[in-house]
file entry10.cif (mmCIF, C-alpha atoms)
data_my_file
loop_
_atom_site.label_atom_id
_atom_site.label_comp_id
_atom_site.auth_asym_id
_atom_site.auth_seq_id
_atom_site.Cartn_x
_atom_site.Cartn_y
_atom_site.Cartn_z
CA MET A 1 -74.23 -22.61 -12.81
CA LYS A 2 -75.84 -26.03 -13.16
CA VAL A 3 -73.46 -26.88 -15.90
CA ILE A 4 -70.50 -26.10 -13.64
CA LEU A 5 -71.95 -28.22 -10.84
CA ASN A 6 -72.52 -31.14 -13.25
CA VAL A 7 -68.92 -30.97 -14.42
CA ARG A 8 -67.69 -31.04 -10.81
CA VAL A 9 -69.90 -34.02 -10.03
CA LEU A 10 -68.57 -35.87 -13.05
CA CYS A 11 -65.00 -35.18 -11.99
CA ILE A 12 -65.65 -36.48 -8.48
CA LEU A 13 -67.27 -39.63 -9.85
CA ALA A 14 -64.38 -40.17 -12.19
CA ALA A 15 -61.90 -39.80 -9.33
CA ILE A 16 -63.83 -42.42 -7.34
CA LEU A 17 -64.48 -44.90 -10.16
CA LEU A 18 -61.05 -44.93 -11.86
CA PRO A 19 -59.16 -46.51 -8.91
CA ILE A 20 -61.94 -49.02 -8.50
CA THR A 21 -61.96 -50.01 -12.15
CA GLY A 22 -58.15 -50.03 -12.10
CA GLY A 23 -58.20 -52.28 -9.06
CA TRP A 24 -60.62 -54.63 -10.75
CA THR A 25 -58.50 -54.59 -13.84
CA SER A 26 -55.41 -55.50 -11.81
CA VAL A 27 -57.34 -58.25 -10.05
CA LEU A 28 -58.49 -59.63 -13.38
CA ALA A 29 -54.95 -59.46 -14.70
CA ALA A 30 -53.47 -61.03 -11.57
CA GLU A 31 -54.20 -64.58 -12.56
CA PRO A 32 -52.16 -64.62 -15.79
CA ALA A 33 -49.37 -62.64 -14.09
CA SER A 34 -49.10 -65.15 -11.29
CA GLU A 35 -49.13 -67.94 -13.83
CA GLY A 36 -46.19 -66.23 -15.61
CA ILE A 37 -44.26 -65.93 -12.35
CA ALA A 38 -44.86 -69.59 -11.59
CA VAL A 39 -43.64 -70.55 -15.05
CA GLN A 40 -40.49 -68.42 -14.60
CA GLU A 41 -39.76 -69.97 -11.19
CA ALA A 42 -40.21 -73.44 -12.63
CA SER A 43 -37.83 -72.73 -15.51
CA ALA A 44 -35.26 -71.20 -13.12
CA SER A 45 -35.47 -74.27 -10.90
CA ALA A 46 -34.95 -76.47 -13.94
CA ALA A 47 -31.96 -74.35 -14.96
CA ARG A 48 -30.49 -74.72 -11.50
CA THR A 49 -31.00 -78.44 -11.72
CA THR A 50 -29.32 -78.69 -15.10
CA THR A 51 -26.28 -76.55 -14.13
CA PHE A 52 -25.50 -78.30 -10.83
CA GLY A 53 -23.17 -80.70 -12.61
CA GLU A 54 -21.55 -77.77 -14.39
CA LYS A 55 -20.94 -76.08 -11.04
CA LEU A 56 -19.19 -79.19 -9.79
CA ALA A 57 -17.12 -79.22 -12.97
CA GLN A 58 -16.17 -75.56 -12.41
CA ILE A 59 -15.04 -76.35 -8.85
CA TRP A 60 -12.93 -79.26 -10.13
CA GLU A 61 -11.44 -77.16 -12.92
CA GLY A 62 -10.37 -74.55 -10.37
CA THR A 63 -8.29 -76.96 -8.32
CA GLY A 64 -4.54 -77.20 -8.54
CA LEU A 65 -4.76 -80.93 -9.26
CA TYR A 66 -6.74 -80.20 -12.42
CA GLY A 67 -4.17 -77.54 -13.37
CA PHE A 68 -1.31 -80.04 -13.09
CA LEU A 69 -3.16 -82.39 -15.46
CA GLN A 70 -3.71 -79.78 -18.17
CA LYS A 71 -1.48 -78.84 -21.07
CA GLU A 72 -2.49 -75.19 -20.72
CA ASN A 73 -4.27 -73.23 -18.01
CA VAL A 74 -7.94 -72.57 -18.68
CA GLY A 75 -8.43 -69.05 -19.97
CA ASP A 76 -4.72 -68.51 -20.46
CA SER A 77 -4.37 -66.35 -23.57
CA ASP A 78 -0.65 -65.76 -23.35
CA PRO A 79 0.89 -67.50 -26.39
CA SER A 80 4.30 -67.65 -24.71
CA HIS A 81 2.97 -70.21 -22.26
CA SER A 82 2.90 -72.90 -24.93
CA LYS A 83 6.62 -72.65 -25.72
CA GLY A 84 7.90 -74.79 -22.86
CA LEU A 85 9.56 -78.15 -23.34
CA LEU A 86 6.87 -79.86 -21.23
CA PRO A 87 3.07 -79.52 -21.05
CA ARG A 88 2.25 -76.59 -18.80
CA GLY A 89 0.76 -78.62 -15.94
CA LEU A 90 3.58 -81.16 -15.91
CA GLY A 91 6.14 -78.37 -16.19
CA GLN A 92 4.64 -76.64 -13.15
CA LEU A 93 4.84 -79.87 -11.16
CA VAL A 94 8.49 -80.34 -12.18
CA MET A 95 9.37 -76.78 -11.18
CA ILE A 96 7.66 -77.19 -7.82
CA LEU A 97 9.94 -80.18 -7.22
CA VAL A 98 12.90 -77.99 -8.23
CA GLY A 99 11.78 -75.32 -5.74
CA LEU A 100 11.50 -77.94 -3.00
CA GLY A 101 15.00 -79.13 -3.91
CA LEU A 102 16.39 -75.60 -3.48
CA ILE A 103 14.64 -75.27 -0.12
CA TYR A 104 16.12 -78.63 0.94
CA LEU A 105 19.63 -77.45 0.02
CA ALA A 106 19.06 -74.23 1.99
CA ILE A 107 17.76 -75.90 5.16
CA ALA A 108 19.36 -79.34 5.28
CA LYS A 109 22.70 -78.59 3.59
CA GLN A 110 22.84 -74.88 4.49
CA PHE A 111 24.00 -73.91 0.99
CA GLU A 112 23.58 -70.14 1.12
CA PRO A 113 20.12 -70.24 2.73
CA LEU A 114 19.72 -66.46 2.46
CA LEU A 115 19.59 -66.93 -1.32
CA LEU A 116 18.19 -70.40 -1.90
CA LEU A 117 15.32 -70.25 0.60
CA PRO A 118 13.54 -67.21 -0.91
CA ILE A 119 14.40 -68.30 -4.47
CA GLY A 120 13.01 -71.79 -3.88
CA PHE A 121 9.87 -70.50 -2.18
CA GLY A 122 9.35 -67.96 -4.95
CA GLY A 123 9.54 -70.87 -7.40
CA LEU A 124 6.78 -72.66 -5.47
CA LEU A 125 4.53 -69.59 -5.56
CA ALA A 126 5.15 -69.01 -9.26
CA ASN A 127 4.05 -72.53 -10.23
CA ILE A 128 0.77 -72.77 -8.33
CA PRO A 129 -1.86 -73.29 -11.07
CA PHE A 130 -4.39 -70.48 -11.57
CA ALA A 131 -2.91 -68.39 -8.71
CA GLY A 132 -1.25 -65.86 -11.03
CA ILE A 133 1.21 -64.76 -8.35
CA ALA A 134 4.01 -64.22 -10.87
CA GLU A 135 1.69 -63.03 -13.65
CA PRO A 136 0.75 -59.37 -14.34
CA GLY A 137 -1.09 -58.10 -11.26
CA GLY A 138 0.43 -60.67 -8.89
CA PHE A 139 2.57 -59.42 -6.01
CA LEU A 140 5.74 -61.17 -7.18
CA PHE A 141 5.28 -59.65 -10.63
CA LEU A 142 5.01 -56.18 -9.07
CA ILE A 143 8.13 -56.69 -6.93
CA TYR A 144 10.03 -57.94 -9.98
CA GLN A 145 9.02 -54.92 -12.05
CA PHE A 146 9.84 -52.46 -9.29
CA GLY A 147 13.19 -53.82 -8.13
CA ILE A 148 14.78 -56.04 -10.77
CA GLN A 149 13.50 -54.74 -14.08
CA THR A 150 14.53 -51.22 -13.10
CA GLY A 151 17.92 -52.38 -11.78
CA LEU A 152 17.27 -50.83 -8.35
CA PHE A 153 17.75 -53.93 -6.19
CA PRO A 154 21.27 -54.70 -7.53
CA LEU A 155 22.46 -51.21 -6.64
CA ILE A 156 21.07 -51.46 -3.10
CA ILE A 157 22.66 -54.90 -2.71
CA PHE A 158 26.00 -53.47 -3.87
CA MET A 159 25.64 -50.71 -1.28
CA GLY A 160 25.16 -53.32 1.42
CA VAL A 161 28.06 -55.44 0.11
CA GLY A 162 30.30 -52.38 0.27
CA ALA A 163 29.26 -51.71 3.87
CA MET A 164 30.03 -55.32 4.83
CA THR A 165 33.33 -55.62 2.95
CA ASP A 166 36.78 -55.00 4.34
CA PHE A 167 39.16 -54.03 1.53
CA GLY A 168 42.08 -54.36 3.93
CA PRO A 169 43.25 -57.79 2.64
CA LEU A 170 43.34 -56.43 -0.90
CA LEU A 171 45.29 -53.33 0.16
CA ALA A 172 47.67 -55.45 2.23
CA ASN A 173 48.48 -57.72 -0.70
CA PRO A 174 47.68 -55.81 -3.92
CA LYS A 175 48.95 -58.50 -6.27
CA THR A 176 45.94 -60.65 -5.37
CA ALA A 177 43.91 -58.15 -7.41
CA LEU A 178 45.34 -59.91 -10.46
CA LEU A 179 43.57 -63.09 -9.40
CA GLY A 180 40.28 -61.23 -9.26
CA ALA A 181 40.93 -59.84 -12.73
CA ALA A 182 41.84 -63.26 -14.13
CA ALA A 183 38.57 -64.74 -12.92
CA GLN A 184 36.71 -62.37 -15.26
CA PHE A 185 38.16 -64.25 -18.21
CA GLY A 186 35.14 -66.54 -18.10
CA ILE A 187 32.86 -63.60 -18.91
CA PHE A 188 34.38 -62.86 -22.30
CA THR A 189 34.91 -66.53 -23.17
CA THR A 190 31.23 -67.25 -22.58
CA LEU A 191 30.20 -64.21 -24.62
CA ILE A 192 31.86 -65.85 -27.64
CA GLY A 193 30.34 -69.20 -26.70
CA ALA A 194 26.81 -67.74 -26.60
CA LEU A 195 27.20 -66.31 -30.09
CA ALA A 196 28.53 -69.64 -31.33
CA LEU A 197 25.65 -71.53 -29.70
CA SER A 198 23.16 -69.46 -31.69
CA HIS A 199 24.71 -70.68 -34.92
CA VAL A 200 24.82 -74.33 -33.86
CA PHE A 201 21.24 -74.64 -32.57
CA PRO A 202 18.60 -73.00 -34.79
CA GLY A 203 16.06 -72.80 -31.94
CA ILE A 204 18.33 -70.50 -29.90
CA HIS A 205 18.82 -66.90 -30.96
CA PHE A 206 21.30 -64.82 -28.95
CA ASN A 207 22.46 -61.49 -30.33
CA LEU A 208 25.51 -59.57 -29.09
CA GLN A 209 23.57 -57.91 -26.25
CA ASP A 210 22.15 -61.27 -25.14
CA ALA A 211 25.59 -62.88 -25.27
CA ALA A 212 27.11 -60.08 -23.16
CA SER A 213 24.35 -60.44 -20.56
CA ILE A 214 24.86 -64.22 -20.42
CA GLY A 215 28.64 -63.91 -20.18
CA ILE A 216 28.48 -61.77 -17.04
CA ILE A 217 27.20 -64.86 -15.18
CA GLY A 218 30.84 -66.01 -15.23
CA GLY A 219 31.64 -63.33 -12.68
CA ALA A 220 29.38 -65.13 -10.17
CA ASP A 221 27.88 -61.78 -9.22
CA GLY A 222 24.09 -61.79 -9.15
CA PRO A 223 23.53 -58.03 -8.74
CA THR A 224 25.91 -57.25 -11.60
CA ALA A 225 24.25 -59.84 -13.84
CA ILE A 226 20.82 -58.38 -13.13
CA PHE A 227 22.00 -54.81 -13.67
CA LEU A 228 23.60 -55.56 -17.03
CA ALA A 229 20.76 -57.77 -18.29
CA SER A 230 18.19 -55.09 -17.41
CA LYS A 231 20.09 -52.68 -19.65
CA LEU A 232 21.07 -54.94 -22.56
CA SER A 233 18.70 -57.91 -22.67
CA PRO A 234 15.51 -57.48 -20.60
CA ARG A 235 13.83 -60.48 -22.24
CA LEU A 236 16.46 -62.82 -20.74
CA LEU A 237 16.60 -61.06 -17.39
CA GLY A 238 14.69 -63.73 -15.47
CA SER A 239 16.71 -66.67 -16.75
CA ILE A 240 20.02 -64.85 -16.25
CA ALA A 241 19.09 -63.85 -12.70
CA VAL A 242 18.11 -67.41 -11.81
CA ALA A 243 21.32 -68.82 -13.31
CA ALA A 244 23.57 -66.24 -11.62
CA TYR A 245 22.09 -66.65 -8.15
CA SER A 246 21.84 -70.42 -8.45
CA TYR A 247 25.55 -70.71 -9.24
CA MET A 248 26.43 -68.24 -6.48
CA ALA A 249 24.57 -70.40 -4.00
CA LEU A 250 26.10 -73.62 -5.35
CA VAL A 251 29.72 -72.43 -5.07
CA PRO A 252 30.45 -75.10 -2.39
CA ILE A 253 29.48 -77.80 -4.89
CA ILE A 254 30.90 -76.40 -8.14
CA GLN A 255 34.30 -75.04 -7.14
CA PRO A 256 36.04 -77.78 -5.04
CA PRO A 257 36.30 -80.34 -7.91
CA ILE A 258 37.87 -77.70 -10.16
CA MET A 259 40.25 -76.66 -7.40
CA ARG A 260 41.39 -80.23 -6.80
CA LEU A 261 41.74 -80.93 -10.50
CA LEU A 262 44.07 -78.01 -11.20
CA THR A 263 46.28 -78.09 -8.08
CA THR A 264 48.56 -80.62 -6.45
CA SER A 265 48.37 -81.66 -2.81
CA ALA A 266 51.61 -79.74 -2.09
CA GLU A 267 50.24 -76.57 -3.66
CA ARG A 268 47.06 -76.74 -1.57
CA GLN A 269 49.18 -76.86 1.59
CA ILE A 270 51.15 -73.68 0.88
CA GLU A 271 50.82 -71.42 3.91
CA MET A 272 50.46 -67.68 3.47
CA LYS A 273 52.23 -65.12 5.64
CA GLN A 274 50.26 -62.89 7.93
CA LEU A 275 48.99 -59.76 6.19
CA ARG A 276 50.31 -56.34 7.17
CA HIS A 277 48.17 -53.86 9.05
CA VAL A 278 46.24 -51.44 6.83
CA SER A 279 45.70 -47.95 8.25
CA LYS A 280 42.37 -46.21 8.49
CA VAL A 281 43.53 -43.48 6.11
CA GLU A 282 44.24 -46.08 3.43
CA LYS A 283 40.81 -47.62 3.87
CA ILE A 284 39.10 -44.22 3.59
CA CYS A 285 41.06 -43.12 0.56
CA PHE A 286 40.63 -46.38 -1.35
CA PRO A 287 36.88 -46.12 -2.17
CA LEU A 288 37.28 -42.47 -3.15
CA MET A 289 40.21 -43.24 -5.45
CA VAL A 290 38.39 -46.17 -7.10
CA LEU A 291 35.31 -44.03 -7.72
CA LEU A 292 37.34 -41.20 -9.22
CA LEU A 293 39.19 -43.61 -11.52
CA CYS A 294 35.87 -45.08 -12.59
CA ALA A 295 34.50 -41.60 -13.30
CA LEU A 296 37.53 -40.75 -15.43
CA LEU A 297 37.93 -44.03 -17.32
CA LEU A 298 34.64 -45.96 -17.31
CA PRO A 299 31.54 -43.89 -16.41
CA SER A 300 29.22 -46.71 -17.54
CA ALA A 301 30.30 -48.72 -14.46
CA ALA A 302 29.72 -45.78 -12.11
CA PRO A 303 26.30 -46.92 -10.78
CA LEU A 304 27.66 -50.25 -9.50
CA ILE A 305 31.07 -48.97 -8.43
CA GLY A 306 29.50 -45.89 -6.84
CA ALA A 307 27.03 -47.89 -4.76
CA LEU A 308 29.78 -50.31 -3.66
CA MET A 309 32.23 -47.58 -2.70
CA PHE A 310 29.62 -45.47 -0.91
CA GLY A 311 28.74 -48.42 1.31
CA ASN A 312 32.42 -49.09 2.01
CA LEU A 313 33.16 -45.44 2.78
CA ALA A 314 30.26 -45.38 5.26
CA ARG A 315 31.82 -48.42 6.93
CA GLU A 316 35.38 -47.14 7.12
CA CYS A 317 34.94 -43.45 7.92
CA GLY A 318 33.53 -44.22 11.40
CA VAL A 319 31.22 -41.19 11.63
CA VAL A 320 27.99 -42.65 10.18
CA GLN A 321 27.76 -45.92 12.06
CA ARG A 322 23.96 -45.89 12.00
CA LEU A 323 23.92 -45.63 8.21
CA SER A 324 26.53 -48.36 7.91
CA ASP A 325 24.59 -50.66 10.24
CA THR A 326 21.38 -50.05 8.31
CA MET A 327 23.05 -50.87 4.98
CA GLN A 328 24.67 -53.99 6.43
CA ASN A 329 21.56 -55.33 8.12
CA ALA A 330 18.03 -53.97 7.71
CA LEU A 331 18.31 -52.56 4.20
CA VAL A 332 20.20 -55.43 2.60
CA ASN A 333 18.01 -58.01 4.40
CA ILE A 334 14.79 -56.46 3.12
CA VAL A 335 16.10 -56.25 -0.43
CA THR A 336 17.48 -59.81 -0.26
CA ILE A 337 14.02 -61.13 0.66
CA MET A 338 12.29 -59.31 -2.18
CA LEU A 339 15.06 -60.04 -4.66
CA GLY A 340 15.09 -63.76 -3.84
CA LEU A 341 11.32 -64.10 -4.16
CA SER A 342 11.20 -62.17 -7.42
CA VAL A 343 14.10 -64.18 -8.88
CA GLY A 344 12.25 -67.33 -7.84
CA SER A 345 9.17 -66.08 -9.67
CA LYS A 346 11.11 -66.60 -12.91
CA LEU A 347 11.21 -70.31 -12.15
CA ALA A 348 7.71 -70.50 -13.64
CA ALA A 349 7.60 -73.53 -15.93
CA ASP A 350 6.57 -71.69 -19.09
CA LYS A 351 9.38 -69.16 -18.69
CA PHE A 352 12.09 -71.51 -17.44
CA LEU A 353 11.65 -74.83 -19.22
CA ASN A 354 12.61 -73.73 -22.72
CA GLY A 355 15.64 -74.04 -24.96
CA GLU A 356 17.06 -70.58 -24.34
CA THR A 357 16.96 -70.95 -20.56
CA LEU A 358 18.67 -74.32 -20.67
CA GLY A 359 21.30 -72.82 -22.97
CA ILE A 360 21.83 -69.98 -20.48
CA LEU A 361 22.24 -72.45 -17.61
CA ILE A 362 24.82 -74.46 -19.55
CA LEU A 363 26.73 -71.35 -20.64
CA GLY A 364 26.60 -69.95 -17.10
CA MET A 365 28.09 -73.13 -15.71
CA VAL A 366 30.84 -73.02 -18.32
CA ALA A 367 31.52 -69.35 -17.55
CA PHE A 368 31.70 -70.04 -13.83
CA GLY A 369 34.06 -72.96 -14.33
CA ILE A 370 36.34 -70.97 -16.64
CA GLY A 371 36.43 -68.05 -14.19
CA THR A 372 37.41 -70.37 -11.33
CA ALA A 373 40.04 -72.14 -13.42
CA SER A 374 41.51 -68.87 -14.76
CA GLY A 375 42.19 -67.54 -11.28
CA ILE A 376 43.86 -70.78 -10.18
CA LEU A 377 46.03 -71.02 -13.30
CA LEU A 378 47.18 -67.40 -12.95
CA ALA A 379 48.17 -68.06 -9.34
CA LYS A 380 50.26 -71.03 -10.50
CA LEU A 381 51.85 -68.84 -13.17
CA MET A 382 52.66 -66.13 -10.62
CA ASN A 383 54.43 -68.72 -8.49
CA VAL A 384 56.80 -69.41 -11.38
CA PHE A 385 58.09 -65.82 -11.33
CA SER A 386 57.63 -64.94 -7.66
CA LYS A 387 59.84 -65.86 -4.72
CA GLU A 388 56.96 -65.53 -2.27
CA LYS A 389 54.63 -68.33 -3.21
CA ILE A 390 50.86 -67.92 -3.41
CA ASN A 391 48.52 -70.76 -2.57
CA PRO A 392 46.80 -71.41 -5.95
CA LEU A 393 43.52 -72.06 -4.16
CA LEU A 394 43.28 -68.30 -3.69
CA GLY A 395 42.70 -67.96 -7.43
CA SER A 396 39.31 -69.65 -7.12
CA ALA A 397 38.20 -66.82 -4.83
CA GLY A 398 38.64 -64.37 -7.71
CA VAL A 399 35.01 -64.89 -8.71
CA SER A 400 32.96 -62.24 -6.99
CA ALA A 401 30.67 -64.48 -4.96
CA VAL A 402 31.36 -62.67 -1.66
CA PRO A 403 32.10 -64.18 0.80
CA MET A 404 31.09 -67.67 -0.35
CA ALA A 405 34.09 -68.22 -2.62
CA ALA A 406 36.52 -67.10 0.11
CA ARG A 407 34.92 -69.48 2.61
CA VAL A 408 35.14 -72.39 0.16
CA THR A 409 38.82 -71.62 -0.45
CA ASN A 410 39.48 -71.61 3.28
CA LYS A 411 37.58 -74.87 3.79
CA VAL A 412 39.46 -76.72 1.05
CA GLY A 413 42.80 -75.39 2.34
CA LEU A 414 42.03 -76.54 5.88
CA SER A 415 41.09 -80.00 4.64
CA TYR A 416 44.70 -80.50 3.46
CA ASN A 417 46.46 -78.51 6.19
CA PRO A 418 44.60 -77.83 9.46
CA GLN A 419 46.92 -74.88 10.15
CA ASN A 420 46.40 -73.25 6.75
CA PHE A 421 43.89 -70.47 7.38
CA LEU A 422 43.29 -68.81 4.01
CA LEU A 423 40.09 -66.86 4.69
CA MET A 424 41.56 -63.38 5.08
CA HIS A 425 43.98 -63.95 2.20
CA ALA A 426 41.13 -65.17 0.00
CA MET A 427 39.13 -62.03 0.72
CA GLY A 428 41.70 -60.04 -1.30
CA PRO A 429 40.95 -61.66 -4.68
CA ASN A 430 37.32 -62.05 -3.66
CA VAL A 431 36.66 -58.33 -3.27
CA ALA A 432 38.87 -57.67 -6.29
CA GLY A 433 36.50 -59.93 -8.19
CA VAL A 434 33.55 -57.78 -7.14
CA ILE A 435 35.26 -54.69 -8.54
CA GLY A 436 36.39 -56.64 -11.60
CA SER A 437 32.90 -57.89 -12.46
CA ALA A 438 31.50 -54.36 -12.10
CA VAL A 439 34.23 -53.06 -14.41
CA ALA A 440 33.54 -55.87 -16.90
CA ALA A 441 29.85 -54.97 -16.84
CA GLY A 442 30.74 -51.35 -17.54
CA VAL A 443 32.93 -52.36 -20.48
CA LEU A 444 30.19 -54.55 -21.96
CA LEU A 445 27.61 -51.82 -21.43
CA ALA A 446 29.82 -49.30 -23.20
CA LEU A 447 30.55 -51.65 -26.12
CA CYS A 448 27.15 -53.29 -26.58
CA GLY A 449 24.70 -50.76 -25.18
#

call {"tool": "encode", "arguments": {"input": "entry10.cif", "output": "structure tokens"}}
result
Amino acid sequence: MKVILNVRVLCILAAILLPITGGWTSVLAAEPASEGIAVQEASASAARTTTFGEKLAQIWEGTGLYGFLQKENVGDSDPSHSKGLLPRGLGQLVMILVGLGLIYLAIAKQFEPLLLLPIGFGGLLANIPFAGIAEPGGFLFLIYQFGIQTGLFPLIIFMGVGAMTDFGPLLANPKTALLGAAAQFGIFTTLIGALALSHVFPGIHFNLQDAASIGIIGGADGPTAIFLASKLSPRLLGSIAVAAYSYMALVPIIQPPIMRLLTTSAERQIEMKQLRHVSKVEKICFPLMVLLLCALLLPSAAPLIGALMFGNLARECGVVQRLSDTMQNALVNIVTIMLGLSVGSKLAADKFLNGETLGILILGMVAFGIGTASGILLAKLMNVFSKEKINPLLGSAGVSAVPMAARVTNKVGLSYNPQNFLLMHAMGPNVAGVIGSAVAAGVLLALCG
């Protein structure tokens, strides 16, 4: 019994003494611990003192001014960014000036502001150093992948174009369709030129698919160019889209000198007779007939032709006015904003300032000029064999830049004869050019795809 009591007493004493001895131990150990903490705080303070200059350097290196002064962006591991013709920072600064130039043309000169304003602003966003807006993860990159790389935006644009287009002038004067067909000659000429360019300049490598995608720029039809390039040559899609839409917007600058060069003053003053009335039945049957012919003869062009003719049928049938209004306004406006910004994102210096892009711009200009000239020359040839003369200026409207080319034709005609209103007549070859470029894209897709 005593032994049990002694054990209990020892346990109680141990329970009392252990915390005390532990407390004393911690007190004794407190001095070196506090000394260690003081040493750590002193070293941390010294570290903060030594890295203050580095922090300032990091702030400076994150500014856009520093980015413009660098050959490459800090931390940029993409090897393609070193392939530009200029150092990366200088190239970005140059492309920002190009974007500002496009915005100036849109606002001050009113050269197709619906295209040039978003394209120019997209170019500004794409060339802000370190922002990554057009790089993977950036919002312009995501829009580009969703709408342009998939070919979705061009089809929606074609739907809206169909809803806004009156095929009446073409139906009233069917022979103007030949002018729209002739304007596509620039597409196939430039295809050959792109292949030849690859053999002349060793730094440029265009295969048959690339050449076909570049040639379609000659149709002056941005949606068609994007659609075909997304199928045949995705790597050149950005440059081709920029070239196609830039030339569409610059129609008022590019076409008039060619028109004046190839026509005489007397030819520019030829007045056209008033067009006949086209019935509603004709306008309803036309899109259905074109779609059926496309399905039978050229299914590869069905996406573009189908979207165009669906929009036109919604316009002409008169029973789905809400759908037609949506396609003409809200839908096409939304897509135009996103398409313009995403096309502008390809104005990034490292993607744009290189040999292939410059070659595409030159070939696109040549294609556009040949297409304009071909339509004018065919109109002059038709006048040789036709009693009812055609104003050769209408041939320039055969490129499918709707309705810009028709407006330019009308403006040039009025400058030589104030009573010579050619707008409605020019819409015939203009809309024929839209169909012609879609057909040409289908042919190239079938042959080169």

call {"tool": "atom_distance", "arguments": {"input": "entry10.cif", "atom1": "atom CA of Phe201 of chain A", "atom2": "atom CA of Glu356 of chain A"}}
result
10.1 Å

call {"tool": "axis_aligned_box", "arguments": {"input": "entry10.cif", "around": "segment 214-228 of chain A", "padding_each_side": "3 Å", "output": "JSON"}}
result
{"center_x": 26.2, "center_y": -60.4, "center_z": -14.6, "size_x": 16.8, "size_y": 17.2, "size_z": 17.7}

call {"tool": "atom_distance", "arguments": {"input": "entry10.cif", "atom1": "atom CA of Leu445 of chain A", "atom2": "atom CA of Ile370 of chain A"}}
result
21.6 Å

call {"tool": "atom_distance", "arguments": {"input": "entry10.cif", "atom1": "atom CA of Met424 of chain A", "atom2": "atom CA of Pro169 of chain A"}}
result
6.3 Å

call {"tool": "resolve_selection", "arguments": {"input": "entry10.cif", "expression": "the PyMOL selection byres ((chain A and resi 284-295) around 8)", "output": "PyMOL selection string"}}
result
chain A and resi 280-283+296-299+301-302+305-306+309-310+312-313+316-317

call {"tool": "closest_residue", "arguments": {"input": "entry10.cif", "among": "A:Gly238, A:Gly318, A:Gly340, A:Gly428", "to": "Leu361 of chain A", "atoms": "only C-alpha atoms"}}
result
A:Gly238

call {"tool": "closest_residue", "arguments": {"input": "entry10.cif", "among": "A:Ser386, A:Asn354, A:Thr326, A:Ser437", "to": "Met164 of chain A", "atoms": "all atoms listed in the file"}}
result
A:Thr326

call {"tool": "resolve_selection", "arguments": {"input": "entry10.cif", "expression": "the PyMOL selection byres ((chain A and resi 422) around 12)", "output": "ChimeraX atom specification"}}
result
/A:169,268-275,390-397,405-421,423-430

call {"tool": "residues_around", "arguments": {"input": "entry10.cif", "residues": "segment 225-234 of chain A", "least_positions_apart": "6", "cutoff": "9 Å", "atoms": "only C-alpha atoms", "output": "compact mmCIF listing (two decimals) with C-alpha atoms, in the frame of the given file"}}
result
# COMPACT_ATOMS: atom_id res chain seq x y z
CA ILE A 148 14.78 -56.04 -10.77
CA GLN A 149 13.50 -54.74 -14.08
CA THR A 150 14.53 -51.22 -13.10
CA GLY A 151 17.92 -52.38 -11.78
CA LEU A 152 17.27 -50.83 -8.35
CA PHE A 153 17.75 -53.93 -6.19
CA PRO A 154 21.27 -54.70 -7.53
CA LEU A 155 22.46 -51.21 -6.64
CA GLN A 209 23.57 -57.91 -26.25
CA ASP A 210 22.15 -61.27 -25.14
CA ALA A 211 25.59 -62.88 -25.27
CA ALA A 212 27.11 -60.08 -23.16
CA SER A 213 24.35 -60.44 -20.56
CA ILE A 214 24.86 -64.22 -20.42
CA GLY A 215 28.64 -63.91 -20.18
CA ILE A 216 28.48 -61.77 -17.04
CA ILE A 217 27.20 -64.86 -15.18
CA GLY A 219 31.64 -63.33 -12.68
CA ILE A 240 20.02 -64.85 -16.25
CA ALA A 241 19.09 -63.85 -12.70
CA ALA A 244 23.57 -66.24 -11.62
CA LEU A 304 27.66 -50.25 -9.50
CA SER A 437 32.90 -57.89 -12.46
CA ALA A 441 29.85 -54.97 -16.84
CA GLY A 442 30.74 -51.35 -17.54
CA LEU A 444 30.19 -54.55 -21.96
CA LEU A 445 27.61 -51.82 -21.43
CA CYS A 448 27.15 -53.29 -26.58
CA GLY A 449 24.70 -50.76 -25.18

call {"tool": "closest_residue", "arguments": {"input": "entry10.cif", "among": "A:Ala446, A:Leu125, A:Leu178, A:Ile187", "to": "Met95 of chain A", "atoms": "only C-alpha atoms"}}
result
A:Leu125

call {"tool": "resolve_selection", "arguments": {"input": "entry10.cif", "expression": "the PyMOL selection byres ((chain A and resi 129) around 9)", "output": "list in words"}}
result
Gly62, Thr63, Gly64, Leu65, Tyr66, Gly67, Phe68, Asn73, Gly89, Gln92, Ala126, Asn127, Ile128, Phe130, Ala131 and Gly132 of chain A

call {"tool": "closest_residue", "arguments": {"input": "entry10.cif", "among": "A:Gly375, A:Gly162, A:Pro118, A:Gly186", "to": "Val242 of chain A", "atoms": "all atoms listed in the file"}}
result
A:Pro118

call {"tool": "closest_residue", "arguments": {"input": "entry10.cif", "among": "A:Ala440, A:Met365, A:Leu170, A:Leu377", "to": "Gln184 of chain A", "atoms": "all atoms listed in the file"}}
result
A:Ala440

call {"tool": "residues_around", "arguments": {"input": "entry10.cif", "residues": "segment 101-108 of chain A", "least_positions_apart": "5", "cutoff": "8 Å", "atoms": "only C-alpha atoms", "output": "MDAnalysis selection string"}}
result
chainID A and resid 113:114 116:117 119:121

call {"tool": "closest_residue", "arguments": {"input": "entry10.cif", "among": "A:Gln110, A:Lys55, A:Ile362, A:Gly311", "to": "Leu323 of chain A", "atoms": "all atoms listed in the file"}}
result
A:Gly311
